[in-house]
Every structure is written in C-alpha cells, then in structure tokens.
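Undergrad: Shown below is the structure under consideration.
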Amino acid sequence: MTPRAGPLRVLVVDDEPAILRFLRASLESQGYIVSTAADARTALEMVRKKAVDLVVLDLGLPDMDGLDVVRQIRDDGETLPIIILSSRDNESAKVTAFDLGVDDYVTKPFGIDELLARIRAAQRHRLQQEGEKPLFHAGDLSIDLVRRIITVRGSEVKLSPREFDVLRLMAAHAGKVLTHRFMLEEIWGSDADVQYLRVYVRVLRQKIEADPERPTHILTESGVGYRLREPDQ
C-alpha cells in the first residue's frame with residue numbers, strides 16, 4: 001500500500017467546544033492537519049469519505065456512544081488508528097474499547113505531550129503494518145517519518161511541512177524514479193506547475209546534500225523526474 005503524501009490528517013471528535021479548540025491549536029502547531037466533529041454522525045461521514053488518517057475520539061457524544069462509533073468504523077473495514085480520549089477511566093470501558101479495535105486510550109484530564117506521544121506511537125504502528133518503515137537511513141541521511149525529524153551527518157535539519165512532504169514521498173519510493181506528474185499530483189494536485197517541484201527539490205538539496213551541485217541523495221532523471229537513493233540495508 002502506498003502511503004498518502006502530506007501531513008497526518010487528524011479528526012478530533014468531542015462535544016466540548018473548548019476541547020476542540022485546544023486540540024486543534026495544539027495539533028496544528030505540530031504540523032498536523034486537524035478537522036473537528038461535535039457528534040458521531042459528522043465523524044462517521046468524514047471517516048467514510050476517507051478524509052482523515054487518525055481519529056481522536058471522545059466516548060460521551062450527544063447522538064451515539066463513542067464505543068458504537070468505533071464499532072461502526074471497524075465494521076466498515078476501516079483500519080485507521082483510533083485513540084480514545086475520555087473521562088471514563090473504568091476498566092470495563094477500556095477493555096471494551098480495545099476489544100473493538102482502538103489503538104490507545106487516554107483518560108481526561110490529560111497532558112498534550114502524552115497525547116502527542118500516543119499519536120506518534122499509533123502512527124508508527126500503522127506504518128509498520130502497511131509496509132512503510134518509520135525510519136529511513138541512506139548514507140548520512142536519516143528520516144524519522146513519524147516524528148518528522150531529518151538528520152544529516154548527525155545534525156538535525158529543519159524542513160518546512162511541504163519540503164517534508166516531498167522528501168517523504170521520495171522516501172516511500174526510494175530507489176524508484178518518480179515522474180514530475182506523479183509527484184505533482186500526490187503533493188499539490190493535478191493543476192500544479194512543475195516549477196513548484198523544481199524549487200522544492202533545489203531547496204532540499206541545499207539542506208541535505210554535502211554538495212548540492214553534485215547530489216548523491218536526490219538524483220535527477222533528466223526530462224522524467226527524480227529518484228531518492230535506496231536506503232541502507
């Protein structure tokens with residue numbers, strides 16, 4: 001399965017407006033794309049439209065119990081990660097949730113650092129299940145696809161969200177030539193100009209290549225596209 005390019009799309013489902021505002025701001029500050037829903041019906045519609053990659057779900061919703069939401073998602077065959085965020089801390093609720101297929105269970109009140117760690121763990125587990133390795137190493141380049149950390153020659157390199165999207169897409173297909181058209185459609189949409197891609201590749205080379213004029217990581221296939229060198233074995 002080819003991983004979707006771009007930041008993780010998180011759906012937060014809770015009927016408390018203050019919680020929705022807090023989590024949206026906190027998660028967006030970490031580079032996630034955040035959608036919110038205050039009821040089960042809206043949440044299920046978004047999941048069925050394949051509009052999200054991970055769900056943070058409260059159990060006390062106005063129109064349906066959160067456990068029934070989990071049951072419907074799993075009955076639909078959807079395997080995206082689900083993290084319960086609830087004030088219910090009794091053992092029976094947790095056991096039922098895990099039996100239904102949730103990935104984690106966080107009780108309120110909660111710390112945002114804890115929730116972020118649980119999201120990263122759920123994403124890492126899902127990447128491993130889908131065949132994408134959460135860590136990529138090639139020579140002096142290291143990419144942590146979950147924590148979005150890039151290191152080159154032992155030093156961390158800061159990338160913008162879109163620069164990371166380009167690099168992650170190439171890492172997912174390392175060793176293979178990716179055409180300009182494929183990369184544009186995956187990252188920008190079909191109407192994007194190839195110049196966007198050239199600019200981002202040039203910036204990436206300046207950040208990760210020892211000599212940007214003689215790249216060893218991001219290689220150009222003239223007139224076709226780009227190829228990221230294969231990972232170390």
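Each chain in the structure tokens gets a letter, A, B, ..., in the order shown, and its residues are numbered from 1; ligands are numbered from 1 in order too.
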I want to know what sits within 10 Å of Arg229 of chain A, based on only C-alpha atoms, with residues of the same chain fewer than 6 positions away left out; could you give that as a ChimeraX atom specification?

TA: /A:137-139,170-171,173-177,216-219

Undergrad: Let's see if you can do this: from backbone DSSP, list all strand (DSSP E or B) residues in segment 10-193 of chain A, as a ChimeraX atom specification.

TA: /A:10-13,33-37,54-57,60,65,82-86,104-107,135-138,141-144,149-152,155-157,178-179

Undergrad: Atom CA of Arg147 of chain A to atom CA of Thr79 of chain A: how many Å, to one decimal?

TA: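 These atoms are spaced 21.1 Å apart.
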
Undergrad: Mind giving me the straight-line distance from atom CA of Asp68 of chain A to atom CA of Leu85 of chain A in Å, one decimal?

TA: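 Taking atom CA of Asp68 of chain A as the start and atom CA of Leu85 of chain A as the end point, the length is 14.7 Å.
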
Undergrad: Between A:Phe164, A:Phe110, A:Tyr32, A:Phe22, single out the one closest to Ile208 of chain A, counting only C-alpha atoms.

TA: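 Ranked by minimum distance to Ile208 of chain A, first place goes to A:Phe164.
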
Undergrad: Using only C-alpha atoms, can you tell me which of A:Leu115, A:Ala122, A:Leu23, A:Ala172 comes closest to Val102 of chain A?

TA: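 Ranked by minimum distance to Val102 of chain A, first place goes to A:Ala122.
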
Undergrad: Neighbours of Asp14 of chain A within 10 Å (only C-alpha atoms; same-chain residues fewer than 5 positions away dropped), as number ranges by chain?

TA: A: 19-20, 36-40, 43, 56-62, 66, 85-86

Undergrad: I need the chosen residues saved as a PDB file, in the first residue's frame, with C-alpha atoms.

TA:
ATOM      1  CA  ILE A  19     -11.532  20.766  23.973  1.00  0.00           C
ATOM      2  CA  LEU A  20     -11.922  21.033  20.196  1.00  0.00           C
ATOM      3  CA  THR A  36     -13.196  18.506  14.216  1.00  0.00           C
ATOM      4  CA  ALA A  37     -16.629  16.997  14.779  1.00  0.00           C
ATOM      5  CA  ALA A  38     -19.013  17.514  17.695  1.00  0.00           C
ATOM      6  CA  ASP A  39     -21.151  14.453  17.024  1.00  0.00           C
ATOM      7  CA  ALA A  40     -20.908  10.876  15.807  1.00  0.00           C
ATOM      8  CA  ALA A  43     -17.382  11.966  12.374  1.00  0.00           C
ATOM      9  CA  VAL A  56      -9.072  11.107  18.464  1.00  0.00           C
ATOM     10  CA  LEU A  57     -12.482  10.173  19.869  1.00  0.00           C
ATOM     11  CA  ASP A  58     -14.429  11.097  22.998  1.00  0.00           C
ATOM     12  CA  LEU A  59     -16.896   8.461  24.201  1.00  0.00           C
ATOM     13  CA  GLY A  60     -19.594  10.808  25.504  1.00  0.00           C
ATOM     14  CA  LEU A  61     -21.138  12.121  22.280  1.00  0.00           C
ATOM     15  CA  PRO A  62     -24.674  13.571  22.078  1.00  0.00           C
ATOM     16  CA  GLY A  66     -18.293   6.557  21.255  1.00  0.00           C
ATOM     17  CA  LEU A  85      -9.838  10.451  24.806  1.00  0.00           C
ATOM     18  CA  SER A  86     -12.409  10.114  27.586  1.00  0.00           C
TER      19      SER A  86
END

Undergrad: Atom CA of Glu230 of chain A and atom CA of Phe136 of chain A, how far apart in Å?

TA: 9.4 Å

Undergrad: Using only C-alpha atoms, can you tell me which of A:Leu116, A:Met183, A:Val52, A:Ala18 comes closest to Gly31 of chain A?

TA: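 Looking only at the distances to Gly31 of chain A, the closest residue turns out to be A:Leu116.
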